[in-house]
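A.B. asks: Below you'll find the structure I mean.
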Amino acid sequence: MVRCFIIHTVCPITALAPGESRVLYSRVFGPDEGVFHGEEQQQLNPKQRRLLSAEKLAVVARQVHSAVSMSREASGRPLMEALPGEEALALQEANSGVVRLRSGDPFSEEMSALWIAVQSLGFVMVCEPYENLILAEGILRNLIRHCLEHLHLLGQGSEVLLKSNRIDVLLSRLLPHGQLLFLNHRFAQSLEKDVVADMSK
């Protein structure tokens, strides 16, 4: 199961300290047990739980930001800005990787954070350790492709926060309740049509 999906910044922003990352969108799936320790769950009110959950997601974003920075430095390739219509190329040239999140850092259980960084945005799926990461990467790439093509998240002045409802719709189709879907060719085509119809509304 996927525990959460995050979109965050992976390039320096003047309002943030060096190495910091801003979470632009997040969605948590499933029960809180994997997010909170048992005693935390009992002692916190709903507002405190939301704040603690946001802080844990920010920790994931910082760890992925660090991994993206190291990956980009190691590759030695300059970061190229994609023009409108070049979203597929931007995704093809994106950096990707996996960060192992040890138990207690930040979640109560061990998790894997699968990430793909497209220009200034990082897309992350936090998965339970037994999940099929090859399947998860395929779904994450498909999800990012739709975000870039239909929501133009790489465009000038793009505001991810203003498009959160449409990202929710994409997630409900491609990652229902955090479940990774095995897709045969026919089901994948049907799902693609549904997504395109949803995004054109």
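Residues are named by chain letter and number: chains run A, B, ... in the order of the structure tokens, numbers start at 1 in each chain, and ligands are numbered from 1 in the order shown.
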With only C-alpha atoms counted and 8 Å as the cut-off, give the residues of range 145-179 of chain A in contact with range 82-101 of chain A, each with its shortest interatomic distance in Å and the pair that gives it, as a Markdown table.
C.D. replies:
| residue | atom | partner | partner_atom | distance |
| --- | --- | --- | --- | --- |
| A:Arg145 | CA | A:Ala88 | CA | 7.0 |
| A:Leu148 | CA | A:Glu87 | CA | 6.0 |
| A:Glu149 | CA | A:Glu87 | CA | 6.4 |
| A:Leu154 | CA | A:Ala82 | CA | 7.6 |
| A:Gly155 | CA | A:Pro84 | CA | 6.8 |
A.B. asks: According to DSSP computed on the backbone, where in chain A is there strand (DSSP E or B)? Give the residues as number ranges by chain.
C.D. replies: A: 2-9, 23-28, 95-101, 111-118, 121-127
A.B. asks: Write out as a short mmCIF file (atom, residue, chain, number, x, y, z; two decimals) with N, CA, C and O atoms, in the first residue's frame which residues come within 12 Å of range 20-23 of chain A when counting only C-alpha atoms, dropping same-chain ones fewer than 3 positions away.
C.D. replies:
data_model
loop_
_atom_site.label_atom_id
_atom_site.label_comp_id
_atom_site.auth_asym_id
_atom_site.auth_seq_id
_atom_site.Cartn_x
_atom_site.Cartn_y
_atom_site.Cartn_z
N PHE A 5 1.27 10.48 -0.84
CA PHE A 5 1.78 11.05 -2.08
C PHE A 5 2.07 12.52 -1.80
O PHE A 5 1.27 13.22 -1.18
N ILE A 6 3.24 12.98 -2.23
CA ILE A 6 3.67 14.35 -1.94
C ILE A 6 4.21 15.00 -3.21
O ILE A 6 4.90 14.35 -3.99
N ILE A 7 3.88 16.28 -3.41
CA ILE A 7 4.55 17.11 -4.41
C ILE A 7 5.23 18.23 -3.64
O ILE A 7 4.59 18.90 -2.82
N HIS A 8 6.53 18.42 -3.87
CA HIS A 8 7.25 19.46 -3.14
C HIS A 8 8.33 20.07 -4.02
O HIS A 8 8.61 19.58 -5.12
N THR A 9 8.91 21.15 -3.55
CA THR A 9 9.96 21.83 -4.31
C THR A 9 11.29 21.12 -4.12
O THR A 9 11.58 20.60 -3.04
N VAL A 10 12.09 21.11 -5.19
CA VAL A 10 13.43 20.51 -5.09
C VAL A 10 14.50 21.48 -5.58
O VAL A 10 15.67 21.10 -5.69
N CYS A 11 14.12 22.71 -5.85
CA CYS A 11 15.08 23.74 -6.25
C CYS A 11 15.04 24.86 -5.23
O CYS A 11 14.03 25.07 -4.57
N PRO A 12 16.13 25.60 -5.08
CA PRO A 12 16.16 26.67 -4.09
C PRO A 12 15.05 27.71 -4.32
O PRO A 12 14.76 28.08 -5.45
N ILE A 13 14.43 28.13 -3.24
CA ILE A 13 13.42 29.19 -3.27
C ILE A 13 13.90 30.27 -2.32
O ILE A 13 14.34 29.98 -1.22
N THR A 14 13.79 31.53 -2.74
CA THR A 14 14.36 32.62 -1.94
C THR A 14 13.75 32.69 -0.53
O THR A 14 14.41 33.10 0.40
N ALA A 15 12.49 32.27 -0.39
CA ALA A 15 11.84 32.36 0.93
C ALA A 15 12.29 31.26 1.88
O ALA A 15 11.99 31.30 3.06
N LEU A 16 13.01 30.26 1.37
CA LEU A 16 13.42 29.13 2.19
C LEU A 16 14.92 29.12 2.42
O LEU A 16 15.69 29.62 1.60
N ALA A 17 15.33 28.51 3.53
CA ALA A 17 16.76 28.35 3.81
C ALA A 17 17.34 27.34 2.83
O ALA A 17 16.62 26.49 2.31
N SER A 26 -0.12 17.27 -0.59
CA SER A 26 0.08 15.96 0.03
C SER A 26 -1.26 15.27 0.22
O SER A 26 -2.29 15.93 0.39
N ARG A 27 -1.21 13.97 0.17
CA ARG A 27 -2.40 13.15 0.40
C ARG A 27 -1.96 11.91 1.15
O ARG A 27 -1.06 11.21 0.71
N ALA A 54 1.81 16.84 9.09
CA ALA A 54 2.44 17.79 8.15
C ALA A 54 3.95 17.85 8.39
O ALA A 54 4.73 17.91 7.43
N GLU A 55 4.38 17.80 9.65
CA GLU A 55 5.81 17.84 9.96
C GLU A 55 6.50 16.57 9.46
O GLU A 55 7.61 16.63 8.93
N LYS A 56 5.85 15.42 9.61
CA LYS A 56 6.44 14.17 9.14
C LYS A 56 6.58 14.18 7.62
O LYS A 56 7.59 13.72 7.08
N LEU A 57 5.59 14.73 6.91
CA LEU A 57 5.68 14.83 5.45
C LEU A 57 6.78 15.81 5.05
O LEU A 57 7.47 15.59 4.05
N ALA A 58 6.96 16.88 5.83
CA ALA A 58 8.04 17.83 5.56
C ALA A 58 9.41 17.16 5.74
O ALA A 58 10.36 17.45 5.00
N VAL A 59 9.53 16.26 6.71
CA VAL A 59 10.78 15.51 6.91
C VAL A 59 11.08 14.66 5.68
O VAL A 59 12.22 14.61 5.19
N VAL A 60 10.05 13.99 5.15
CA VAL A 60 10.23 13.18 3.92
C VAL A 60 10.69 14.09 2.79
O VAL A 60 11.62 13.75 2.05
N ALA A 61 10.03 15.25 2.63
CA ALA A 61 10.39 16.18 1.55
C ALA A 61 11.84 16.62 1.67
O ALA A 61 12.56 16.70 0.67
N ARG A 62 12.31 16.90 2.90
CA ARG A 62 13.71 17.31 3.09
C ARG A 62 14.68 16.18 2.72
O ARG A 62 15.71 16.43 2.09
N GLN A 63 14.35 14.96 3.11
CA GLN A 63 15.22 13.83 2.78
C GLN A 63 15.28 13.60 1.28
O GLN A 63 16.35 13.35 0.72
N VAL A 64 14.13 13.70 0.60
CA VAL A 64 14.10 13.53 -0.85
C VAL A 64 14.83 14.69 -1.53
O VAL A 64 15.58 14.48 -2.48
N HIS A 65 14.65 15.91 -1.03
CA HIS A 65 15.35 17.08 -1.58
C HIS A 65 16.86 16.85 -1.55
O HIS A 65 17.57 17.12 -2.52
N SER A 66 17.35 16.32 -0.44
CA SER A 66 18.78 16.03 -0.30
C SER A 66 19.22 14.97 -1.31
O SER A 66 20.26 15.10 -1.96
N ALA A 67 18.40 13.92 -1.48
CA ALA A 67 18.72 12.85 -2.44
C ALA A 67 18.72 13.38 -3.87
O ALA A 67 19.58 13.02 -4.68
N VAL A 68 17.78 14.26 -4.19
CA VAL A 68 17.70 14.86 -5.53
C VAL A 68 18.94 15.70 -5.79
O VAL A 68 19.56 15.62 -6.86
N SER A 69 19.33 16.52 -4.82
CA SER A 69 20.51 17.37 -4.97
C SER A 69 21.76 16.53 -5.23
O SER A 69 22.56 16.85 -6.13
N SER A 120 11.79 21.63 -11.15
CA SER A 120 11.77 22.17 -9.79
C SER A 120 10.83 21.43 -8.85
O SER A 120 10.71 21.77 -7.68
N LEU A 121 10.15 20.39 -9.36
CA LEU A 121 9.17 19.67 -8.53
C LEU A 121 9.61 18.24 -8.25
O LEU A 121 10.10 17.54 -9.13
N GLY A 122 9.41 17.82 -7.01
CA GLY A 122 9.63 16.44 -6.62
C GLY A 122 8.29 15.76 -6.39
O GLY A 122 7.42 16.32 -5.72
N PHE A 123 8.11 14.57 -6.95
CA PHE A 123 6.90 13.78 -6.77
C PHE A 123 7.31 12.53 -6.00
O PHE A 123 8.21 11.80 -6.41
N VAL A 124 6.64 12.27 -4.87
CA VAL A 124 7.06 11.20 -3.97
C VAL A 124 5.87 10.32 -3.62
O VAL A 124 4.79 10.82 -3.29
N VAL A 160 0.52 24.81 -7.92
CA VAL A 160 0.09 23.46 -7.57
C VAL A 160 -1.06 23.50 -6.58
O VAL A 160 -2.03 22.75 -6.68
N LEU A 161 -0.99 24.42 -5.61
CA LEU A 161 -2.01 24.50 -4.57
C LEU A 161 -3.39 24.77 -5.14
O LEU A 161 -4.40 24.31 -4.60
#
A.B. asks: When DSSP is applied to the backbone of this structure, which of chain A are assigned helix (DSSP H, G or I)? Write them out as a PyMOL selection string.
C.D. replies: chain A and resi 32-34+38-43+46-75+87-92+133-151+160-174+176-178+185-199
A.B. asks: Using C-alpha atoms, can you write the selected residues to a file as an mmCIF file, in the first residue's frame?
C.D. replies:
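Written out: again_30.cif:
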data_model
loop_
_atom_site.group_PDB
_atom_site.id
_atom_site.type_symbol
_atom_site.label_atom_id
_atom_site.label_comp_id
_atom_site.auth_asym_id
_atom_site.auth_seq_id
_atom_site.Cartn_x
_atom_site.Cartn_y
_atom_site.Cartn_z
ATOM 1 C CA ASP A 32 -2.854 6.593 10.986
ATOM 2 C CA GLU A 33 -1.066 3.626 12.566
ATOM 3 C CA GLY A 34 1.853 3.871 10.140
ATOM 4 C CA GLY A 38 0.783 4.283 19.478
ATOM 5 C CA GLU A 39 1.142 6.776 22.336
ATOM 6 C CA GLU A 40 1.056 9.744 19.940
ATOM 7 C CA GLN A 41 -2.223 8.539 18.444
ATOM 8 C CA GLN A 42 -3.947 8.397 21.838
ATOM 9 C CA GLN A 43 -2.638 11.659 23.280
ATOM 10 C CA PRO A 46 -7.185 16.236 15.660
ATOM 11 C CA LYS A 47 -5.406 19.588 15.166
ATOM 12 C CA GLN A 48 -2.205 18.307 16.783
ATOM 13 C CA ARG A 49 -2.366 15.166 14.657
ATOM 14 C CA ARG A 50 -2.675 17.259 11.469
ATOM 15 C CA LEU A 51 0.325 19.384 12.496
ATOM 16 C CA LEU A 52 2.428 16.337 13.365
ATOM 17 C CA SER A 53 1.436 14.638 10.106
ATOM 18 C CA ALA A 54 2.442 17.786 8.153
ATOM 19 C CA GLU A 55 5.810 17.840 9.957
ATOM 20 C CA LYS A 56 6.442 14.166 9.139
ATOM 21 C CA LEU A 57 5.678 14.835 5.452
ATOM 22 C CA ALA A 58 8.044 17.826 5.558
ATOM 23 C CA VAL A 59 10.784 15.513 6.908
ATOM 24 C CA VAL A 60 10.226 13.183 3.925
ATOM 25 C CA ALA A 61 10.385 16.180 1.550
ATOM 26 C CA ARG A 62 13.707 17.312 3.087
ATOM 27 C CA GLN A 63 15.222 13.829 2.782
ATOM 28 C CA VAL A 64 14.099 13.534 -0.851
ATOM 29 C CA HIS A 65 15.346 17.080 -1.577
ATOM 30 C CA SER A 66 18.779 16.032 -0.305
ATOM 31 C CA ALA A 67 18.721 12.853 -2.438
ATOM 32 C CA VAL A 68 17.701 14.861 -5.531
ATOM 33 C CA SER A 69 20.512 17.368 -4.967
ATOM 34 C CA MET A 70 23.095 14.578 -4.669
ATOM 35 C CA SER A 71 21.736 12.802 -7.753
ATOM 36 C CA ARG A 72 21.855 15.975 -9.827
ATOM 37 C CA GLU A 73 25.374 16.846 -8.671
ATOM 38 C CA ALA A 74 26.576 13.323 -9.481
ATOM 39 C CA SER A 75 25.037 13.412 -12.971
ATOM 40 C CA GLU A 87 6.491 17.725 -20.731
ATOM 41 C CA ALA A 88 7.173 14.185 -21.970
ATOM 42 C CA LEU A 89 10.840 15.055 -22.570
ATOM 43 C CA ALA A 90 11.112 16.645 -19.116
ATOM 44 C CA LEU A 91 9.723 13.471 -17.517
ATOM 45 C CA GLN A 92 12.027 11.270 -19.591
ATOM 46 C CA LEU A 133 8.610 -0.654 -6.369
ATOM 47 C CA ILE A 134 8.750 -1.366 -10.114
ATOM 48 C CA LEU A 135 4.940 -1.300 -10.261
ATOM 49 C CA ALA A 136 4.916 1.791 -8.021
ATOM 50 C CA GLU A 137 7.360 3.609 -10.312
ATOM 51 C CA GLY A 138 5.197 2.875 -13.363
ATOM 52 C CA ILE A 139 2.138 4.287 -11.616
ATOM 53 C CA LEU A 140 4.092 7.303 -10.334
ATOM 54 C CA ARG A 141 5.390 8.086 -13.842
ATOM 55 C CA ASN A 142 1.865 7.772 -15.258
ATOM 56 C CA LEU A 143 0.529 10.064 -12.534
ATOM 57 C CA ILE A 144 3.267 12.639 -13.175
ATOM 58 C CA ARG A 145 2.665 12.477 -16.934
ATOM 59 C CA HIS A 146 -0.997 13.380 -16.415
ATOM 60 C CA CYS A 147 -0.096 16.151 -13.942
ATOM 61 C CA LEU A 148 2.320 17.684 -16.453
ATOM 62 C CA GLU A 149 0.167 17.274 -19.564
ATOM 63 C CA HIS A 150 -3.256 18.199 -18.176
ATOM 64 C CA LEU A 151 -2.435 20.493 -15.246
ATOM 65 C CA VAL A 160 0.091 23.456 -7.575
ATOM 66 C CA LEU A 161 -2.012 24.500 -4.566
ATOM 67 C CA LEU A 162 -4.755 25.862 -6.842
ATOM 68 C CA LYS A 163 -4.941 22.545 -8.700
ATOM 69 C CA SER A 164 -5.234 20.254 -5.671
ATOM 70 C CA ASN A 165 -8.821 19.210 -6.490
ATOM 71 C CA ARG A 166 -7.758 17.985 -9.920
ATOM 72 C CA ILE A 167 -4.763 16.149 -8.435
ATOM 73 C CA ASP A 168 -7.231 14.468 -6.026
ATOM 74 C CA VAL A 169 -9.257 13.270 -9.047
ATOM 75 C CA LEU A 170 -6.118 11.842 -10.683
ATOM 76 C CA LEU A 171 -5.179 10.018 -7.488
ATOM 77 C CA SER A 172 -8.678 8.564 -7.089
ATOM 78 C CA ARG A 173 -8.380 7.062 -10.598
ATOM 79 C CA LEU A 174 -4.729 5.976 -10.691
ATOM 80 C CA PRO A 176 -7.489 4.461 -5.412
ATOM 81 C CA HIS A 177 -7.238 4.488 -1.612
ATOM 82 C CA GLY A 178 -3.455 4.136 -1.956
ATOM 83 C CA HIS A 185 -3.601 -3.447 -21.686
ATOM 84 C CA ARG A 186 -7.397 -3.156 -21.998
ATOM 85 C CA PHE A 187 -7.912 -1.849 -18.456
ATOM 86 C CA ALA A 188 -5.039 0.635 -18.912
ATOM 87 C CA GLN A 189 -6.691 2.002 -22.079
ATOM 88 C CA SER A 190 -10.057 2.315 -20.324
ATOM 89 C CA LEU A 191 -8.442 4.057 -17.356
ATOM 90 C CA GLU A 192 -6.597 6.428 -19.696
ATOM 91 C CA LYS A 193 -9.895 7.445 -21.343
ATOM 92 C CA ASP A 194 -11.504 8.039 -17.927
ATOM 93 C CA VAL A 195 -8.589 10.216 -16.798
ATOM 94 C CA VAL A 196 -8.603 12.281 -20.010
ATOM 95 C CA ALA A 197 -12.387 12.764 -19.661
ATOM 96 C CA ASP A 198 -12.010 13.840 -16.012
ATOM 97 C CA MET A 199 -9.235 16.291 -16.825
#
A.B. asks: For the atom pair CA of Leu79 in chain A and CA of Ile116 in chain A, what is the interatomic distance in Å to one decimal place?
C.D. replies: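 Going from CA of Leu79 in chain A over to CA of Ile116 in chain A covers 14.2 Å.
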A.B. asks: What is the distance between CA of Met1 in chain A and CA of Ser108 in chain A, in Å to one decimal?
C.D. replies: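 About the pair CA of Met1 in chain A and CA of Ser108 in chain A: they are 15.5 Å apart.
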A.B. asks: So how far away is CA of Asn132 in chain A from CA of Pro106 in chain A, in Å?
C.D. replies: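 One can read the CA of Pro106 in chain A to CA of Asn132 in chain A distance as 21.4 Å.
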